[in-house]
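Student: This is the structure, below, for whatever I ask next.
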Amino acid sequence: MKKLHIGAIAAVAALTVSACGSSGSDGSGDSAAPTGAPIVIGAQAPIKGATAYPQTAYGLEAGVHYVNEVLGGINGRPLEVDVCGGDGSPETAINCANGFVSKNVPLVIDAVDQSMGAAVPILGSAGIPIIGTLAGSFVADAAEYGQAFYFTGPVSFAALASMSALETMGKTTASLAVNESPTSHAYVDDLIMPIAEGMGIDVSVQYPPASGANLNVVAATQLADNPDMAGVIALPEDGCTSLFQALRRQGYDDTILAGSCSQFIEDMGADAAGIVTQPRLWVPLAKESAPAEVQEQLDIFADAMDAVGYGNELSSRSIYTFAAIVNIAQILSGQGEEVTAGTVTEAFKAVKDFPSFAGPTVTCDGQQWPGVATTCNAQAIFFEVQEDGTLRSVDESGYIDLDPALMPAS
């Protein structure tokens with residue numbers, strides 16, 4: 001078994017995730033071991049640089065392990081993932097894309113890499129589809145139908161979801177942080193502010209740098225606004241934890257919006273109670289309030305992560321990539337032994353009412369979100385941290401429908 005260790009990830013731009021063996025702690029051995037030439041797919045993951053999410057690589061490795069050792073591969077063939085490490089720069093994304101084209105991979109996973117947009121024209125010209133749980137950039141979202149498929153809503157969906165969460169909880173003022181970048185400003189100016197204004201919510205935003213930010217100062221700035229809700233639009237996991245701890249230290253005991261962050265729950269203990277998080281999928285800490293079939297899936301994820309040595313990295317980022325791998329394997333199984341960019345594209349265009357791993361039921365017909373053909377679903381899910389550290393769905397039904405009509409006109 002080849003493992004991805006963070007030191008190695010930081011040192012290289014591309015590496016391969018593969019899994020082998022016939023038994024394991026996650027129930028492997030249930031299917032015959034895959035044989036023959038491996039199916040090698042690509043993945044661009046944000047595992048380098050100041051805003052790295054190494055958890056994305058951990059989820060990929062666990063997903064490959066599960067597919068190969070439990071599901072028996074894809075149509076009996078072993079799966080491998082060629083991971084190109086994104087660092088947030090378009091130059092690196094372009095290099096990754098050119099590498100994938102030269103290797104003739106049948107698809108590339110977007111592991112929520114913010115620079116993925118720079119790869120879209122190259123992969124699109126080569127006919128290689130991009131697939132993921134959610135897009136890392138607006139450009140990837142805006143790809144033509146057939147160039148990309150995402151199991152949950154577009155990047156813009158998160159803005160509507162977060163503001164809808166505030167509205168549902170009766171919040172009228174919010175002070176939120178997101179790392180400084182041109183895309184962050186565009187996201188706030190073009191989406192967050194218009195949606196908030198339409199809902200009657202007053203939002204102020206801080207833009208700390210990706211590295212070296214004094215989050216104690218950010219917390220003080222947020223509290224100076226006396227908001228109904230403080231927190232983040234999006235920050236790396238460590239940044240979320242540091243900001244939330246600073247808010248609590250400075251006496252803020254009201255609701256905190258956590259975006260898709262989750263590591264703060266373990267780090268903060270009782271102080272995390274009441275924080276609202278909005279991942280795209282059911283996550284392990286929400287297992288108790290999840291449907292029975294989702295509980296089984298969360299056990300599968302935890303066991304696979306433990307089997308590859310990352311049992312303590314059960315974050316939203318790792319389950320996003322794990323779920324993408326499993327969904328891809330299930331959709332491509334039964335499609336025939338030939339796995340090319342063309343056959344993958346056609347298989348995904350045919351996806352209808354597919355129960356995704358720990359996620360919503362998806363249909364990839366290009367009609368699920370107005371003006372965004374790449375998305376396969378338009379539902380959201382929210383969780384509130386409980387005193388015992390578990391999560392409970394804000395809505396008893398789990399996923400809820402959002403109203404795209406609330407989105408600002410393009």
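Every chain in the structure tokens has a letter given in the order shown (A, B, ...), and although residue numbers restart at 1 in each chain, ligands are simply numbered from 1 in the order shown.
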What are the DSSP strand (DSSP E or B) residues of stretch 256-317 of chain A, as number ranges by chain?
Tutor: A: 256-257, 276-277
Student: So that I can see what lies close to stretch 119-126 of chain A, please list as a list in words the residues with an atom at most 6 Å from it, counting only C-alpha atoms and leaving out residues fewer than 4 positions away in the same chain.
Tutor: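 In the requested format, the answer is Ala93, Ile94, Ala97 and Gln147 of chain A.
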Student: Go ahead and save the residues from that selection, with N, CA, C and O atoms, as a PDB file, in the first residue's frame.
Tutor:
```
ATOM      1  N   ALA A  93      -2.052  24.748 -11.986  1.00  0.00           N
ATOM      2  CA  ALA A  93      -3.227  24.071 -12.524  1.00  0.00           C
ATOM      3  C   ALA A  93      -3.055  23.762 -14.003  1.00  0.00           C
ATOM      4  O   ALA A  93      -3.448  22.689 -14.478  1.00  0.00           O
ATOM      5  N   ILE A  94      -2.467  24.687 -14.736  1.00  0.00           N
ATOM      6  CA  ILE A  94      -2.223  24.470 -16.170  1.00  0.00           C
ATOM      7  C   ILE A  94      -1.241  23.327 -16.370  1.00  0.00           C
ATOM      8  O   ILE A  94      -1.424  22.467 -17.244  1.00  0.00           O
ATOM      9  N   ALA A  97      -3.058  20.108 -15.732  1.00  0.00           N
ATOM     10  CA  ALA A  97      -3.952  19.757 -16.834  1.00  0.00           C
ATOM     11  C   ALA A  97      -3.186  19.212 -18.031  1.00  0.00           C
ATOM     12  O   ALA A  97      -3.588  18.210 -18.643  1.00  0.00           O
ATOM     13  N   GLN A 147     -18.586  18.916 -19.913  1.00  0.00           N
ATOM     14  CA  GLN A 147     -17.183  19.145 -19.554  1.00  0.00           C
ATOM     15  C   GLN A 147     -16.930  18.915 -18.076  1.00  0.00           C
ATOM     16  O   GLN A 147     -15.792  18.633 -17.676  1.00  0.00           O
TER      17      GLN A 147
END
```
Student: Could you please determine the separation between atom CA of A:Asp253 and atom CA of A:Glu266 in Å, to one decimal place?
Tutor: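 Atom-to-atom, atom CA of A:Asp253 to atom CA of A:Glu266, that is 17.8 Å.
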Student: Can you list, as a PyMOL selection string, all residues belonging to stretch 262-383 of chain A that DSSP tags as helix (DSSP H, G or I)?
Tutor: chain A and resi 264-272+284-289+292-307+316-332+341-349
Student: For A:Ala210, please output as a count of residues only all residues within 8 Å (counting only C-alpha atoms; exclusion window: fewer than 3 positions along the same chain).
Tutor: 5
Student: So which residues touch stretch 219-229 of chain A within 12 Å, counting only C-alpha atoms, skipping near sequence neighbours fewer than 3 positions away, as a VMD selection string?
Tutor: chain A and resid 162 to 163 165 to 167 169 to 177 201 to 208 213 to 216 232 to 233 239 to 258 274 to 276
